[in-house]
Amino acid sequence: MKAELLQRVLRAGRKTFWVAAAVLLMHGILFTPSARADDNIGGHIGFVLPLVTHAGGQTTNLGDNFAIGFPLGVTFKGKGRMAYDLEFVPSIQDSPRKTSLTVHPGLVWGLGHHWAAGMRVAFDINSSQFGFTPLVNHSWPIEGHFFKAYFVEAVLPVRFNRPQGGPSTNPVTFGLHFGLGF
């Protein structure tokens, strides 16, 4: 029993190590130390609703199994249209009742006229799921306030679920993320 528990802890520790290493590597590659912090660092807060999910041959919607996430991100803007965005998404699901945390680093490109598109990788902590999330974002500026814009973002999380001793479900979800950028 103790050996099995030790093995689980070691597996979780290795996964956390590799997630942290990937995040730090992306940060080291994309962050420019000579950039002025007041112009090149921002962030966002908000909530995300997974509206429709298809997993394991079943399609469910928000009314079948309520879930909500609360993304919090920090953004490092480059000199061009690209930005590195590191997002953490704690979430709550109704049935079965559970909480989770997704580490969600990615790249976002400004398309002009307050539109952006991007791609994130996703690491679900203490879970057998990992994947990616394409996104399209539209924002509206806010003048003279700490928050610089409010936005809506369409997201399409694709996850690869490989649980030990269970079936692979590979969920695909369409969701909407609403938030404030600063």
# chains A, B, ... in the order shown; residues from 1 in each chain; ligands from 1

call {"tool": "closest_atom_pairs", "arguments": {"of": "region 116-182 of chain A", "to": "region 63-79 of chain A", "cutoff": "12 Å", "atoms": "only C-alpha atoms", "output": "CSV"}}
result
residue,atom,partner,partner_atom,distance
A:Glu153,CA,A:Pro71,CA,11.7
A:Thr173,CA,A:Ala67,CA,11.8
A:Gly175,CA,A:Ile68,CA,10.0
A:Leu176,CA,A:Ile68,CA,10.3
A:His177,CA,A:Pro71,CA,8.3
A:Phe178,CA,A:Pro71,CA,9.4
A:Gly179,CA,A:Pro71,CA,8.6
A:Leu180,CA,A:Leu72,CA,10.0
A:Gly181,CA,A:Gly73,CA,9.2
A:Phe182,CA,A:Val74,CA,9.3

call {"tool": "closest_residue", "arguments": {"among": "A:Gly80, A:Val89, A:Asp94, A:Ser139", "to": "Leu62 (chain A)", "atoms": "only C-alpha atoms"}}
result
A:Asp94

call {"tool": "closest_residue", "arguments": {"among": "A:Val158, A:Ile125, A:His54, A:Thr60", "to": "Ser100 (chain A)", "atoms": "only C-alpha atoms"}}
result
A:Ile125

call {"tool": "atom_distance", "arguments": {"atom1": "CA of His138 (chain A)", "atom2": "CA of Val172 (chain A)"}}
result
22.0 Å

call {"tool": "residues_around", "arguments": {"residues": "Arg120 (chain A)", "least_positions_apart": "4", "cutoff": "10 Å", "atoms": "only C-alpha atoms", "output": "list of chain:residue names"}}
result
A:Tyr84, A:Asp85, A:Leu86, A:Glu87, A:Val103, A:His104, A:Pro105, A:Gly106, A:Leu107, A:Val108, A:Gly131, A:Phe132, A:Thr133, A:Pro134, A:Leu135, A:Val155, A:Pro157

call {"tool": "write_last_selection", "arguments": {"atoms": "N, CA and C atoms", "output": "PDB file, in the first residue's frame"}}
result
ATOM      1  N   TYR A  84       2.802  36.293 -25.658  1.00  0.00           N
ATOM      2  CA  TYR A  84       2.822  35.042 -24.900  1.00  0.00           C
ATOM      3  C   TYR A  84       1.885  35.240 -23.726  1.00  0.00           C
ATOM      4  N   ASP A  85       0.951  34.319 -23.557  1.00  0.00           N
ATOM      5  CA  ASP A  85      -0.054  34.452 -22.514  1.00  0.00           C
ATOM      6  C   ASP A  85      -0.030  33.198 -21.647  1.00  0.00           C
ATOM      7  N   LEU A  86       0.258  33.361 -20.379  1.00  0.00           N
ATOM      8  CA  LEU A  86       0.272  32.249 -19.435  1.00  0.00           C
ATOM      9  C   LEU A  86      -0.985  32.339 -18.585  1.00  0.00           C
ATOM     10  N   GLU A  87      -1.835  31.346 -18.726  1.00  0.00           N
ATOM     11  CA  GLU A  87      -3.139  31.368 -18.072  1.00  0.00           C
ATOM     12  C   GLU A  87      -3.257  30.182 -17.126  1.00  0.00           C
ATOM     13  N   VAL A 103      -3.090  24.439 -16.400  1.00  0.00           N
ATOM     14  CA  VAL A 103      -2.029  25.370 -16.751  1.00  0.00           C
ATOM     15  C   VAL A 103      -2.092  25.492 -18.260  1.00  0.00           C
ATOM     16  N   HIS A 104      -2.219  26.727 -18.764  1.00  0.00           N
ATOM     17  CA  HIS A 104      -2.654  26.959 -20.139  1.00  0.00           C
ATOM     18  C   HIS A 104      -1.788  28.004 -20.846  1.00  0.00           C
ATOM     19  N   PRO A 105      -0.489  27.736 -21.089  1.00  0.00           N
ATOM     20  CA  PRO A 105       0.334  28.716 -21.799  1.00  0.00           C
ATOM     21  C   PRO A 105       0.029  28.717 -23.292  1.00  0.00           C
ATOM     22  N   GLY A 106       0.206  29.862 -23.938  1.00  0.00           N
ATOM     23  CA  GLY A 106      -0.038  29.909 -25.374  1.00  0.00           C
ATOM     24  C   GLY A 106       0.420  31.191 -26.022  1.00  0.00           C
ATOM     25  N   LEU A 107       0.246  31.219 -27.333  1.00  0.00           N
ATOM     26  CA  LEU A 107       0.584  32.385 -28.141  1.00  0.00           C
ATOM     27  C   LEU A 107      -0.695  32.973 -28.716  1.00  0.00           C
ATOM     28  N   VAL A 108      -0.774  34.307 -28.703  1.00  0.00           N
ATOM     29  CA  VAL A 108      -1.941  35.014 -29.230  1.00  0.00           C
ATOM     30  C   VAL A 108      -1.435  36.065 -30.216  1.00  0.00           C
ATOM     31  N   GLY A 131      -3.759  18.564 -23.708  1.00  0.00           N
ATOM     32  CA  GLY A 131      -4.258  18.877 -25.041  1.00  0.00           C
ATOM     33  C   GLY A 131      -3.905  20.273 -25.482  1.00  0.00           C
ATOM     34  N   PHE A 132      -4.794  20.837 -26.287  1.00  0.00           N
ATOM     35  CA  PHE A 132      -4.575  22.175 -26.831  1.00  0.00           C
ATOM     36  C   PHE A 132      -5.916  22.885 -26.944  1.00  0.00           C
ATOM     37  N   THR A 133      -5.854  24.227 -27.070  1.00  0.00           N
ATOM     38  CA  THR A 133      -7.063  25.043 -27.157  1.00  0.00           C
ATOM     39  C   THR A 133      -6.873  26.154 -28.177  1.00  0.00           C
ATOM     40  N   PRO A 134      -7.494  26.043 -29.361  1.00  0.00           N
ATOM     41  CA  PRO A 134      -7.520  27.186 -30.272  1.00  0.00           C
ATOM     42  C   PRO A 134      -8.530  28.219 -29.757  1.00  0.00           C
ATOM     43  N   LEU A 135      -8.288  29.507 -30.082  1.00  0.00           N
ATOM     44  CA  LEU A 135      -9.180  30.555 -29.594  1.00  0.00           C
ATOM     45  C   LEU A 135      -9.276  31.700 -30.588  1.00  0.00           C
ATOM     46  N   VAL A 155     -13.570  29.532 -27.456  1.00  0.00           N
ATOM     47  CA  VAL A 155     -12.508  28.550 -27.253  1.00  0.00           C
ATOM     48  C   VAL A 155     -13.010  27.167 -27.663  1.00  0.00           C
ATOM     49  N   PRO A 157     -11.496  23.770 -26.584  1.00  0.00           N
ATOM     50  CA  PRO A 157     -10.541  22.874 -25.929  1.00  0.00           C
ATOM     51  C   PRO A 157     -10.635  21.448 -26.479  1.00  0.00           C
TER      52      PRO A 157
END

call {"tool": "select_by_dssp", "arguments": {"residues": "region 55-85 of chain A", "states": "strand (DSSP E)", "output": "number ranges by chain"}}
result
A: 55, 58-61, 67-69, 72-77, 82-85
